[in-house]
>>> print(open('work-v6.cif').read())   # mmCIF, C-alpha atoms
data_structure
loop_
_atom_site.label_atom_id
_atom_site.label_comp_id
_atom_site.auth_asym_id
_atom_site.auth_seq_id
_atom_site.Cartn_x
_atom_site.Cartn_y
_atom_site.Cartn_z
CA MET A 21 68.43 134.50 -86.47
CA LYS A 22 66.67 133.25 -83.34
CA ARG A 23 68.93 132.44 -80.36
CA ILE A 24 67.89 129.84 -77.78
CA THR A 25 69.52 128.56 -74.60
CA THR A 26 69.31 125.27 -72.70
CA PRO A 27 67.51 123.86 -70.79
CA LEU A 28 65.02 123.67 -73.65
CA THR A 29 61.83 123.87 -71.63
CA LYS A 30 58.45 123.03 -73.14
CA SER A 31 57.61 126.70 -73.60
CA ILE A 32 60.79 127.29 -75.66
CA ARG A 33 60.21 124.10 -77.69
CA GLU A 34 56.62 124.97 -78.50
CA LYS A 35 57.67 128.24 -80.12
CA LEU A 36 60.06 126.57 -82.58
CA LYS A 37 58.76 126.06 -86.12
CA CYS A 38 59.80 123.42 -88.63
CA GLY A 39 62.36 124.85 -91.07
CA GLU A 40 63.37 127.67 -88.75
CA GLU A 41 67.11 128.35 -88.37
CA VAL A 42 68.32 128.84 -84.79
CA LEU A 43 71.56 129.33 -82.84
CA LEU A 44 71.68 127.16 -79.72
CA SER A 45 73.82 127.88 -76.66
CA GLY A 46 74.21 125.84 -73.48
CA THR A 47 74.66 122.18 -72.56
CA LEU A 48 74.45 119.20 -74.91
CA TYR A 49 75.05 115.52 -74.21
CA THR A 50 76.64 113.37 -76.92
CA ALA A 51 75.20 109.92 -77.59
CA ARG A 52 75.28 107.64 -80.60
CA ASP A 53 74.59 103.96 -81.35
CA ALA A 54 76.24 101.98 -78.54
CA THR A 55 75.36 104.70 -76.02
CA HIS A 56 71.69 104.60 -76.96
CA LYS A 57 71.66 100.85 -76.48
CA GLU A 58 73.21 101.27 -73.01
CA LEU A 59 70.78 104.07 -72.04
CA ALA A 60 67.75 102.07 -73.20
CA HIS A 61 68.93 99.09 -71.12
CA LEU A 62 69.31 101.29 -68.03
CA ILE A 63 65.80 102.68 -68.55
CA MET A 64 64.31 99.19 -69.03
CA GLU A 65 66.01 97.97 -65.88
CA LYS A 66 64.84 101.09 -64.02
CA LYS A 67 68.42 102.00 -63.14
CA LYS A 68 69.87 105.46 -62.59
CA LEU A 69 70.90 107.33 -65.75
CA PRO A 70 74.27 109.11 -66.00
CA PHE A 71 72.50 112.44 -66.65
CA ASN A 72 69.05 113.88 -66.20
CA LEU A 73 67.07 113.59 -69.45
CA THR A 74 64.36 116.10 -68.50
CA ASP A 75 64.44 118.93 -71.07
CA ALA A 76 67.97 117.79 -72.03
CA VAL A 77 69.43 118.01 -75.55
CA ILE A 78 71.17 114.96 -77.02
CA TYR A 79 73.60 115.43 -79.88
CA TYR A 80 74.21 112.41 -82.13
CA THR A 81 77.95 112.65 -82.57
CA GLY A 82 81.20 110.83 -81.95
CA PRO A 83 83.84 113.58 -81.94
CA THR A 84 87.48 113.16 -82.96
CA PRO A 85 89.89 112.99 -79.96
CA LYS A 86 90.84 116.20 -78.16
CA ARG A 87 93.83 117.98 -79.66
CA ALA A 88 96.79 119.47 -77.81
CA ASP A 89 94.72 122.61 -77.16
CA GLY A 90 92.10 120.54 -75.31
CA PHE A 91 89.40 120.94 -77.95
CA PHE A 92 87.89 118.54 -80.47
CA GLY A 93 89.16 118.87 -84.03
CA SER A 94 85.87 117.79 -85.55
CA CYS A 95 82.42 117.27 -84.08
CA GLY A 96 79.56 116.99 -86.61
CA PRO A 97 76.27 115.04 -86.55
CA THR A 98 75.84 111.36 -87.41
CA THR A 99 72.82 109.73 -89.11
CA SER A 100 69.83 109.99 -86.76
CA SER A 101 67.77 107.09 -88.12
CA ARG A 102 70.08 104.58 -86.45
CA MET A 103 68.88 105.91 -83.09
CA ASP A 104 65.17 105.65 -83.99
CA TYR A 105 64.63 102.30 -82.29
CA PHE A 106 65.91 103.62 -78.94
CA THR A 107 64.53 107.17 -79.07
CA PRO A 108 61.06 106.34 -77.61
CA PHE A 109 62.69 105.17 -74.34
CA LEU A 110 64.46 108.52 -73.99
CA LEU A 111 61.44 110.65 -74.96
CA ARG A 112 59.34 108.94 -72.30
CA LYS A 113 62.00 109.98 -69.79
CA GLY A 114 61.54 113.64 -70.70
CA LEU A 115 64.21 114.19 -73.39
CA GLY A 116 63.66 117.71 -74.75
CA ALA A 117 65.51 117.70 -78.07
CA MET A 118 67.78 115.74 -80.38
CA ILE A 119 70.38 116.95 -82.86
CA GLY A 120 71.42 114.85 -85.85
CA LYS A 121 71.15 114.56 -89.60
CA GLY A 122 68.58 113.00 -91.92
CA ARG A 123 65.12 111.52 -91.59
CA ARG A 124 63.31 109.94 -88.62
CA THR A 125 60.65 107.23 -88.61
CA ALA A 126 56.94 108.06 -88.39
CA ARG A 127 56.94 106.52 -84.92
CA VAL A 128 59.61 108.92 -83.67
CA ARG A 129 57.83 111.83 -85.32
CA ASP A 130 54.55 110.93 -83.57
CA LEU A 131 56.29 110.64 -80.20
CA ILE A 132 58.04 113.99 -80.70
CA LYS A 133 54.57 115.48 -81.14
CA LYS A 134 53.15 113.62 -78.15
CA HIS A 135 55.97 114.73 -75.82
CA LYS A 136 56.30 118.19 -77.41
CA ALA A 137 59.98 117.56 -78.08
CA VAL A 138 62.05 118.89 -81.02
CA TYR A 139 64.37 117.33 -83.57
CA PHE A 140 67.09 119.61 -84.93
CA LEU A 141 69.31 119.16 -87.97
CA ALA A 142 72.96 120.14 -87.86
CA VAL A 143 75.09 120.47 -91.00
CA GLY A 144 76.44 116.99 -91.80
CA GLY A 145 80.06 116.85 -92.89
CA ALA A 146 80.92 120.22 -91.32
CA GLY A 147 82.66 118.78 -88.26
CA ALA A 148 85.61 121.19 -88.21
CA TYR A 149 83.28 124.21 -88.42
CA LEU A 150 80.95 122.86 -85.72
CA ALA A 151 83.81 121.89 -83.37
CA LYS A 152 84.67 125.60 -83.11
CA LYS A 153 81.25 126.20 -81.52
CA VAL A 154 82.10 123.78 -78.70
CA LYS A 155 83.58 125.75 -75.83
CA SER A 156 84.25 122.92 -73.36
CA SER A 157 83.70 119.19 -72.98
CA GLU A 158 84.06 116.41 -70.45
CA ILE A 159 83.30 112.69 -70.42
CA ILE A 160 80.51 111.89 -67.97
CA ALA A 161 79.71 108.24 -68.80
CA PHE A 162 80.64 105.10 -70.74
CA ARG A 163 84.32 106.03 -71.07
CA LYS A 164 85.02 102.47 -72.27
CA LEU A 165 83.07 103.21 -75.47
CA GLY A 166 85.84 105.53 -76.70
CA PRO A 167 84.40 107.95 -79.28
CA GLU A 168 80.92 106.79 -78.24
CA ALA A 169 81.29 107.89 -74.61
CA VAL A 170 78.83 110.48 -73.30
CA TYR A 171 80.42 113.92 -73.30
CA ARG A 172 78.83 116.96 -71.72
CA LEU A 173 79.43 119.83 -74.15
CA GLU A 174 79.05 123.55 -73.63
CA VAL A 175 78.28 125.18 -76.97
CA LYS A 176 77.88 128.75 -78.10
CA ASN A 177 75.71 129.74 -81.08
CA PHE A 178 75.54 126.22 -82.49
CA PRO A 179 73.76 126.55 -85.87
CA LEU A 180 70.69 124.34 -86.33
CA VAL A 181 67.58 123.96 -88.44
CA VAL A 182 64.34 122.71 -86.87
CA GLY A 183 63.72 119.33 -88.59
CA ILE A 184 60.61 118.19 -86.68
CA ASP A 185 58.78 120.66 -84.47
CA SER A 186 56.71 119.99 -81.34
CA LYS A 187 53.56 119.77 -83.48
CA GLY A 188 55.07 116.92 -85.47
CA LYS A 189 55.72 118.92 -88.64
CA ASP A 190 58.62 117.31 -90.50
CA ILE A 191 60.91 119.17 -92.93
CA PHE A 192 61.29 116.02 -95.05
CA MET B 173 114.71 95.37 -109.78
CA ARG B 174 114.20 98.21 -107.30
CA ASN B 175 114.21 97.85 -103.54
CA ILE B 176 111.55 99.65 -101.48
CA ASN B 177 111.69 99.35 -97.72
CA THR B 178 108.28 98.86 -96.13
CA THR B 179 109.13 101.57 -93.56
CA LYS B 180 108.82 104.02 -96.46
CA ILE B 181 105.37 102.59 -97.21
CA LYS B 182 104.36 103.07 -93.56
CA ASP B 183 105.43 106.73 -93.73
CA VAL B 184 103.52 107.35 -96.96
CA VAL B 185 100.33 105.66 -95.66
CA SER B 186 100.50 107.81 -92.53
CA GLU B 187 101.03 111.02 -94.52
CA LEU B 188 98.17 110.16 -96.92
CA CYS B 189 95.70 109.36 -94.10
CA ILE B 190 96.23 112.80 -92.59
CA LYS B 191 96.16 114.57 -95.96
CA ALA B 192 92.92 112.85 -97.07
CA ASN B 193 91.19 113.61 -93.77
CA THR B 194 92.14 117.28 -93.50
CA SER B 195 92.34 118.54 -97.08
CA LEU B 196 89.19 118.37 -99.23
CA ARG B 197 89.74 117.20 -102.83
CA GLY B 198 90.21 120.08 -105.30
CA ASP B 199 87.57 118.76 -107.72
CA ILE B 200 84.97 118.54 -104.92
CA LEU B 201 85.86 122.01 -103.65
CA ARG B 202 85.36 123.45 -107.15
CA ALA B 203 82.06 121.58 -107.54
CA LEU B 204 80.77 122.90 -104.18
CA LYS B 205 81.67 126.47 -105.18
CA LYS B 206 79.83 126.03 -108.47
CA ALA B 207 76.81 124.54 -106.67
CA ARG B 208 76.69 127.50 -104.28
CA SER B 209 76.83 130.05 -107.06
CA LYS B 210 73.82 128.55 -108.86
CA GLU B 211 71.79 127.72 -105.72
CA THR B 212 68.58 129.72 -105.21
CA HIS B 213 67.23 128.11 -102.02
CA LYS B 214 68.29 130.44 -99.19
CA THR B 215 69.08 127.86 -96.50
CA SER B 216 70.81 125.54 -98.98
CA LYS B 217 73.01 128.37 -100.22
CA ARG B 218 74.00 129.19 -96.64
CA ILE B 219 74.75 125.51 -95.94
CA LEU B 220 76.97 125.26 -99.01
CA GLY B 221 78.78 128.32 -97.66
CA ILE B 222 79.30 126.54 -94.31
CA LEU B 223 80.69 123.49 -96.14
CA LEU B 224 83.25 125.67 -97.92
CA GLU B 225 84.16 127.40 -94.67
CA ASN B 226 84.47 123.97 -93.02
CA ALA B 227 86.95 122.85 -95.70
CA ALA B 228 89.00 126.02 -95.24
CA ILE B 229 89.13 125.64 -91.42
CA ALA B 230 90.08 121.95 -91.71
CA LYS B 231 92.94 122.65 -94.09
CA LYS B 232 94.31 125.67 -92.26
CA GLU B 233 94.08 124.20 -88.74
CA LYS B 234 94.77 120.58 -89.73
CA ARG B 235 91.42 119.41 -88.36
CA ALA B 236 89.45 116.46 -89.69
CA ILE B 237 86.95 117.69 -92.31
CA CYS B 238 84.40 115.31 -90.78
CA GLN B 239 84.50 113.64 -87.36
CA ASP B 240 83.88 110.28 -89.05
CA THR B 241 87.43 109.80 -90.23
CA GLY B 242 86.46 106.43 -91.63
CA PHE B 243 87.54 102.86 -91.91
CA VAL B 244 90.59 102.98 -94.17
CA SER B 245 90.89 101.08 -97.44
CA VAL B 246 94.33 101.03 -99.03
CA TYR B 247 94.80 100.34 -102.75
CA LEU B 248 98.30 99.35 -103.83
CA ARG B 249 99.57 99.18 -107.40
CA ILE B 250 102.86 97.37 -107.13
CA GLY B 251 105.26 97.22 -110.06
CA GLN B 252 106.42 93.64 -110.61
CA ASP B 253 110.06 94.78 -110.61
CA VAL B 254 109.75 96.13 -107.06
CA LYS B 255 111.34 94.12 -104.29
CA LEU B 256 109.89 94.89 -100.87
CA THR B 257 112.44 94.85 -98.05
CA GLY B 258 112.12 95.21 -94.28
CA GLY B 259 109.08 94.11 -92.27
CA ALA B 260 105.84 92.61 -93.61
CA LEU B 261 103.91 94.86 -96.03
CA GLN B 262 100.61 94.36 -94.23
CA ASN B 263 102.07 95.36 -90.87
CA ALA B 264 103.69 98.46 -92.38
CA ILE B 265 100.32 99.61 -93.75
CA HIS B 266 98.49 99.03 -90.46
CA GLU B 267 101.31 100.80 -88.62
CA GLY B 268 100.98 103.80 -90.97
CA VAL B 269 97.24 104.02 -90.30
CA ARG B 270 97.76 103.63 -86.56
CA GLU B 271 100.38 106.39 -86.51
CA ALA B 272 98.26 108.84 -88.53
CA TYR B 273 95.16 108.34 -86.40
CA ARG B 274 97.17 108.89 -83.22
CA LYS B 275 99.27 111.84 -84.42
CA GLY B 276 96.48 113.48 -86.42
CA PHE B 277 93.86 113.28 -83.64
CA LEU B 278 91.59 111.31 -85.97
CA ARG B 279 88.70 109.24 -84.66
CA LYS B 280 89.15 105.52 -84.07
CA SER B 281 86.04 103.93 -85.55
CA VAL B 282 87.00 100.27 -85.94
CA VAL B 283 85.59 97.50 -83.76
CA LYS B 284 87.34 94.14 -83.51
CA SER B 285 84.34 91.93 -84.25
CA PRO B 286 80.99 92.86 -85.82
CA ILE B 287 79.35 90.84 -83.04
CA LEU B 288 81.52 91.58 -80.00
CA ARG B 289 82.10 95.25 -80.99
CA THR B 290 85.16 96.22 -78.96
CA ASN B 291 86.93 99.26 -80.36
CA THR B 292 90.50 98.39 -81.44
CA ALA B 293 91.46 101.96 -80.38
CA THR B 294 93.90 102.26 -83.29
CA ASN B 295 91.55 102.47 -86.30
CA THR B 296 93.21 99.31 -87.59
CA PRO B 297 93.13 96.98 -89.35
CA SER B 298 92.61 98.59 -92.73
CA ILE B 299 91.30 96.81 -95.81
CA ILE B 300 94.13 96.21 -98.28
CA TYR B 301 93.84 95.59 -102.02
CA THR B 302 96.89 94.87 -104.14
CA GLU B 303 97.31 94.88 -107.88
CA ILE B 304 100.53 93.80 -109.59
CA VAL B 305 101.40 95.89 -112.62
CA LYS B 306 104.38 96.38 -114.95
CA GLY B 307 107.34 98.50 -113.91
CA GLU B 308 109.21 99.38 -110.75
CA LYS B 309 106.94 101.97 -109.17
CA LEU B 310 104.50 101.64 -106.32
CA THR B 311 101.33 103.71 -106.04
CA ILE B 312 99.45 103.95 -102.76
CA THR B 313 95.88 105.25 -102.54
CA VAL B 314 94.31 105.72 -99.15
CA VAL B 315 90.51 105.88 -98.86
CA PRO B 316 89.14 106.71 -95.39
CA LYS B 317 85.38 106.40 -95.90
CA GLY B 318 82.70 107.23 -93.36
CA ILE B 319 79.87 104.85 -92.54
CA GLY B 320 76.96 107.29 -93.09
CA SER B 321 77.34 107.02 -96.84
CA GLU B 322 78.61 103.44 -96.79
CA ASN B 323 75.39 102.30 -95.05
CA LYS B 324 73.37 103.55 -98.04
CA SER B 325 75.44 101.81 -100.72
CA LYS B 326 73.87 98.86 -102.57
CA LEU B 327 74.38 96.00 -105.01
CA LYS B 328 71.88 94.49 -107.46
CA MET B 329 72.27 91.61 -109.87
CA LEU B 330 70.44 92.73 -113.03
CA LYS B 331 69.52 90.43 -115.91
CA PRO B 332 71.92 90.37 -118.87
CA THR B 333 69.08 91.49 -121.15
CA GLU B 334 68.60 94.64 -119.08
CA GLY B 335 70.76 97.70 -119.72
CA GLU B 336 71.18 101.44 -119.27
CA LYS B 337 67.51 102.04 -118.46
CA GLU B 338 67.46 99.52 -115.60
CA ILE B 339 70.86 100.69 -114.35
CA ILE B 340 69.60 104.28 -114.16
CA SER B 341 66.42 103.26 -112.38
CA PHE B 342 68.40 101.25 -109.78
CA VAL B 343 70.79 104.15 -109.17
CA LEU B 344 67.84 106.53 -108.68
CA GLU B 345 66.24 104.07 -106.26
CA VAL B 346 69.47 103.92 -104.20
CA VAL B 347 69.89 107.70 -104.17
CA LYS B 348 66.25 108.28 -103.19
CA GLU B 349 66.61 105.82 -100.36
CA ALA B 350 69.76 107.60 -99.15
CA GLY B 351 67.77 110.85 -99.40
CA PRO B 352 69.04 113.49 -96.97
CA ASP B 353 70.68 110.99 -94.58
CA ALA B 354 74.19 110.52 -95.97
CA CYS B 355 75.34 114.16 -96.43
CA PRO B 356 74.28 115.25 -99.91
CA PRO B 357 75.29 116.57 -102.38
CA TYR B 358 76.66 113.14 -103.22
CA ILE B 359 79.36 111.72 -105.42
CA LEU B 360 78.17 108.47 -106.99
CA GLY B 361 80.62 105.66 -107.65
CA ILE B 362 79.14 102.97 -109.86
CA GLY B 363 80.63 99.56 -110.59
CA LEU B 364 79.34 97.51 -113.50
CA GLY B 365 80.15 93.90 -114.32
CA GLY B 366 82.53 91.32 -113.00
CA MET B 367 80.81 89.00 -110.55
CA PHE B 368 79.04 89.54 -107.19
CA ASP B 369 82.27 90.69 -105.47
CA LYS B 370 83.80 92.80 -108.25
CA ALA B 371 81.02 95.37 -108.84
CA PRO B 372 81.10 96.87 -105.28
CA PHE B 373 84.90 96.96 -105.44
CA LEU B 374 84.71 98.95 -108.69
CA ALA B 375 81.96 101.22 -107.34
CA LYS B 376 84.04 102.26 -104.36
CA LYS B 377 87.17 102.63 -106.47
CA ALA B 378 85.21 104.86 -108.90
CA LEU B 379 84.73 107.34 -106.04
CA THR B 380 88.48 108.02 -106.11
CA LEU B 381 88.32 109.27 -109.73
CA PRO B 382 88.14 113.04 -110.31
CA ILE B 383 84.58 114.21 -110.96
CA ASP B 384 85.63 116.93 -113.40
CA LYS B 385 87.46 114.67 -115.87
CA PRO B 386 85.42 112.99 -118.62
CA ASN B 387 85.28 109.20 -118.68
CA PRO B 388 87.58 107.96 -121.49
CA LYS B 389 84.94 105.40 -122.53
CA ARG B 390 82.19 107.02 -124.56
CA HIS B 391 79.35 104.67 -123.50
CA LEU B 392 80.20 105.22 -119.83
CA ARG B 393 80.54 108.99 -120.25
CA LYS B 394 77.04 109.04 -121.75
CA LEU B 395 75.66 107.00 -118.88
CA GLU B 396 77.40 109.16 -116.25
CA ASN B 397 75.87 112.30 -117.75
CA ALA B 398 72.40 110.76 -117.99
CA ILE B 399 72.51 109.65 -114.34
CA LEU B 400 73.79 113.01 -113.09
CA LYS B 401 71.00 114.85 -114.90
CA LYS B 402 68.26 112.59 -113.52
CA VAL B 403 69.63 112.55 -109.97
CA ASN B 404 69.75 116.34 -109.87
CA LYS B 405 66.07 116.45 -110.73
CA LEU B 406 65.19 114.66 -107.48
CA GLY B 407 65.08 118.00 -105.67
CA ILE B 408 67.19 117.02 -102.66
CA GLY B 409 70.31 118.97 -101.79
CA PRO B 410 72.64 119.97 -98.97
CA MET B 411 71.16 118.64 -95.70
CA GLY B 412 68.23 117.40 -97.77
CA PHE B 413 66.28 120.55 -98.60
CA GLY B 414 64.65 121.04 -101.97
CA THR B 415 67.32 122.38 -104.26
CA LYS B 416 69.29 122.00 -107.45
CA THR B 417 72.29 119.87 -106.48
CA MET B 418 71.77 116.29 -105.29
CA ALA B 419 75.00 114.97 -106.81
CA LEU B 420 78.25 116.71 -107.65
CA GLY B 421 79.47 113.98 -109.95
CA VAL B 422 79.04 110.41 -111.18
CA ARG B 423 81.91 108.05 -112.05
CA ILE B 424 81.60 104.57 -113.49
CA LEU B 425 84.09 101.72 -113.74
CA GLU B 426 83.31 98.55 -115.66
CA TYR B 427 84.74 95.05 -116.02
CA PRO B 428 83.84 92.12 -118.28
CA THR B 429 81.01 90.01 -116.92
CA HIS B 430 79.26 86.66 -117.40
CA ILE B 431 76.84 86.09 -120.30
CA GLY B 432 74.13 85.46 -117.73
CA GLY B 433 74.35 88.58 -115.60
CA LEU B 434 74.84 92.31 -115.10
CA PRO B 435 76.01 93.17 -111.56
CA VAL B 436 75.48 96.84 -110.64
CA ALA B 437 76.84 98.41 -107.47
CA VAL B 438 76.31 101.95 -106.25
CA SER B 439 78.72 103.40 -103.72
CA ILE B 440 77.33 106.58 -102.21
CA GLY B 441 80.02 109.17 -101.51
CA CYS B 442 79.21 112.14 -99.28
CA HIS B 443 80.24 115.72 -100.10
CA VAL B 444 83.49 115.08 -98.22
CA THR B 445 84.47 111.95 -100.12
CA ARG B 446 88.12 111.51 -99.23
CA ASN B 447 91.17 109.88 -100.76
CA ALA B 448 94.83 110.65 -101.39
CA SER B 449 97.48 108.97 -103.54
CA LYS B 450 101.24 108.97 -103.91
CA THR B 451 103.61 107.15 -106.24
CA ILE B 452 107.03 106.14 -104.93
#
>>> encode(input="work-v6.cif", output="structure tokens")
Amino acid sequence: MKRITTPLTKSIREKLKCGEEVLLSGTLYTARDATHKELAHLIMEKKKLPFNLTDAVIYYTGPTPKRADGFFGSCGPTTSSRMDYFTPFLLRKGLGAMIGKGRRTARVRDLIKKHKAVYFLAVGGAGAYLAKKVKSSEIIAFRKLGPEAVYRLEVKNFPLVVGIDSKGKDIF
Amino acid sequence: MRNINTTKIKDVVSELCIKANTSLRGDILRALKKARSKETHKTSKRILGILLENAAIAKKEKRAICQDTGFVSVYLRIGQDVKLTGGALQNAIHEGVREAYRKGFLRKSVVKSPILRTNTATNTPSIIYTEIVKGEKLTITVVPKGIGSENKSKLKMLKPTEGEKEIISFVLEVVKEAGPDACPPYILGIGLGGMFDKAPFLAKKALTLPIDKPNPKRHLRKLENAILKKVNKLGIGPMGFGTKTMALGVRILEYPTHIGGLPVAVSIGCHVTRNASKTI
């Protein structure tokens, strides 16, 4: 299986094909509904973002709290379509890839193609399994949002399937 | 008359919340194994393997099967000869949920107001349903359901002159719309009859029934089988790839209804549909 590492530069993204299974290692940023709303507002108001979106990978997840060992118990993907309205703001800021589950709108698909980004699928409902691929995590923004805060995650061999590739080919 | 202290109820609610969230139902586990053995699509077969591994890790290491540990519904069947002692029943239930979500490192996914959206940070309140029955026992069922599947659930008021055919076509419409988004293979809970409020209640309750036990009502058993067959021809499976298993099981509950209507509700359950019960 193909192994890739962040940052996911354009040249790495362009080689990924729809339907391909990959193992991703490196840095991910978590963001789900409330976080996307906050990020989109910051972009609209031309304010500084809590992390650099260029070639970054956003993972749509709200993990369970850290256990006594300092690691999440469960950390799987949430439904991507709820982020569709906000995604264009982030893609225009250079976002490299997104990880979630399920379908995206035609608009998001077209913008993925335009910006040569990638949309990955993670296995929904396999949070315990996926949490074991997360090697470290820290909150970097929006702490007040609880499970929706932005965490920076370091992952090793995180299993993914390419859902929409940089040419706009969609697995669904 | 039998006395039950509500502290006992708090303890049981707490125990059931952790059990439901960390231990996948036996019937679903068996159905996933069966689905994997007959799957021919390579990626789907591997995904079903990951789901089984996920369930094993969760159980062994007491981790949440899914990070969406749900908004908790609690169903109580209270014998009419039970006398509840101690603090208020409602508070005991909320306290049980609060304790489990803190002790079990489960995610707090409840916001105080749908408009203001501040997290209550305790995963409370829960939604409580009570039913008074004969006897002096008390049965508690805890249902922590995630929102991914809940968002795809639907209600339709059919005409009384419509029937099985229209019910099946509505269910297919709902499942197609859910598509790959809500973690297939699904469990489908269907509620028929009652009024506008009763059908969704029955649909969600139907998800707590075992998927490998036949419905005692013949007409419902027939309908469950017909729906399962049609749904599995849709060609959507684990993570949404073309495959053989779109649903692991279908369960229907019915209630008398008005001469002028036929309410149908479909509650989509993901492949980690969770609930746990205990009788005290």
>>> interface_residues(input="work-v6.cif", of="chain B", to="chain A", cutoff="9 Å", atoms="all atoms listed in the file", output="ChimeraX atom specification")
/B:215,219,222-227,229-230,233-241,274,276-281,290-291,293,320,351-356,410-413,442-444
>>> closest_residue(input="work-v6.cif", among="B:Leu261, B:Leu406, B:Leu248, B:Ala437", to="Val347 (chain B)", atoms="all atoms listed in the file")
B:Leu406
>>> atom_distance(input="work-v6.cif", atom1="CA of Lys394 (chain B)", atom2="CA of Gly441 (chain B)")
20.5 Å
>>> closest_residue(input="work-v6.cif", among="B:Arg446, B:Arg202, B:Lys370, B:His266", to="Tyr427 (chain B)", atoms="all atoms listed in the file")
B:Lys370
>>> resolve_selection(input="work-v6.cif", expression="the PyMOL selection byres ((chain A and resi 38) around 6)", output="compact mmCIF listing (two decimals) with C-alpha atoms, in the frame of the given file")
# COMPACT_ATOMS: atom_id res chain seq x y z
CA LYS A 37 58.76 126.06 -86.12
CA GLY A 39 62.36 124.85 -91.07
CA GLU A 40 63.37 127.67 -88.75
CA VAL A 182 64.34 122.71 -86.87
CA GLY A 183 63.72 119.33 -88.59
CA ILE A 184 60.61 118.19 -86.68
CA ASP A 185 58.78 120.66 -84.47
>>> resolve_selection(input="work-v6.cif", expression="the PyMOL selection byres ((chain B and resi 432) around 9)", output="PDB file with C-alpha atoms, keeping the file's coordinate frame")
ATOM      1  CA  LYS B 331      69.520  90.430-115.910  1.00  0.00           C
ATOM      2  CA  PRO B 332      71.920  90.370-118.870  1.00  0.00           C
ATOM      3  CA  THR B 333      69.080  91.490-121.150  1.00  0.00           C
ATOM      4  CA  THR B 429      81.010  90.010-116.920  1.00  0.00           C
ATOM      5  CA  HIS B 430      79.260  86.660-117.400  1.00  0.00           C
ATOM      6  CA  ILE B 431      76.840  86.090-120.300  1.00  0.00           C
ATOM      7  CA  GLY B 433      74.350  88.580-115.600  1.00  0.00           C
ATOM      8  CA  LEU B 434      74.840  92.310-115.100  1.00  0.00           C
TER       9      LEU B 434
END
>>> resolve_selection(input="work-v6.cif", expression="the PyMOL selection byres ((chain A and resi 77) around 6)", output="JSON, numbers by chain")
{"A": [48, 76, 78, 116, 117, 118]}
>>> residues_around(input="work-v6.cif", residues="Glu267 (chain B)", least_positions_apart="3", cutoff="9 Å", atoms="only C-alpha atoms", output="list in words")
Lys182, Asp183, Val185, Ser186, Gln262, Asn263, Ala264, Arg270, Glu271, Ala272 and Thr296 of chain B
>>> atom_distance(input="work-v6.cif", atom1="CA of Ile300 (chain B)", atom2="CA of Pro428 (chain B)")
22.9 Å
>>> residues_near_point(input="work-v6.cif", point="(54.8, 112.0, -75.2)", cutoff="12 Å", atoms="all atoms listed in the file", output="PDB file with C-alpha atoms, in the frame of the given file")
ATOM      1  CA  LYS A  30      58.450 123.030 -73.140  1.00  0.00           C
ATOM      2  CA  THR A 107      64.530 107.170 -79.070  1.00  0.00           C
ATOM      3  CA  PRO A 108      61.060 106.340 -77.610  1.00  0.00           C
ATOM      4  CA  PHE A 109      62.690 105.170 -74.340  1.00  0.00           C
ATOM      5  CA  LEU A 110      64.460 108.520 -73.990  1.00  0.00           C
ATOM      6  CA  LEU A 111      61.440 110.650 -74.960  1.00  0.00           C
ATOM      7  CA  ARG A 112      59.340 108.940 -72.300  1.00  0.00           C
ATOM      8  CA  LYS A 113      62.000 109.980 -69.790  1.00  0.00           C
ATOM      9  CA  GLY A 114      61.540 113.640 -70.700  1.00  0.00           C
ATOM     10  CA  LEU A 115      64.210 114.190 -73.390  1.00  0.00           C
ATOM     11  CA  GLY A 116      63.660 117.710 -74.750  1.00  0.00           C
ATOM     12  CA  ARG A 127      56.940 106.520 -84.920  1.00  0.00           C
ATOM     13  CA  VAL A 128      59.610 108.920 -83.670  1.00  0.00           C
ATOM     14  CA  ARG A 129      57.830 111.830 -85.320  1.00  0.00           C
ATOM     15  CA  ASP A 130      54.550 110.930 -83.570  1.00  0.00           C
ATOM     16  CA  LEU A 131      56.290 110.640 -80.200  1.00  0.00           C
ATOM     17  CA  ILE A 132      58.040 113.990 -80.700  1.00  0.00           C
ATOM     18  CA  LYS A 133      54.570 115.480 -81.140  1.00  0.00           C
ATOM     19  CA  LYS A 134      53.150 113.620 -78.150  1.00  0.00           C
ATOM     20  CA  HIS A 135      55.970 114.730 -75.820  1.00  0.00           C
ATOM     21  CA  LYS A 136      56.300 118.190 -77.410  1.00  0.00           C
ATOM     22  CA  ALA A 137      59.980 117.560 -78.080  1.00  0.00           C
ATOM     23  CA  VAL A 138      62.050 118.890 -81.020  1.00  0.00           C
ATOM     24  CA  SER A 186      56.710 119.990 -81.340  1.00  0.00           C
ATOM     25  CA  LYS A 187      53.560 119.770 -83.480  1.00  0.00           C
ATOM     26  CA  GLY A 188      55.070 116.920 -85.470  1.00  0.00           C
TER      27      GLY A 188
END
>>> atom_distance(input="work-v6.cif", atom1="CA of Glu58 (chain A)", atom2="CA of Tyr273 (chain B)")
26.7 Å
>>> closest_residue(input="work-v6.cif", among="B:Arg174, B:Lys180, B:Asn447, B:Lys348", to="Lys405 (chain B)", atoms="only C-alpha atoms")
B:Lys348
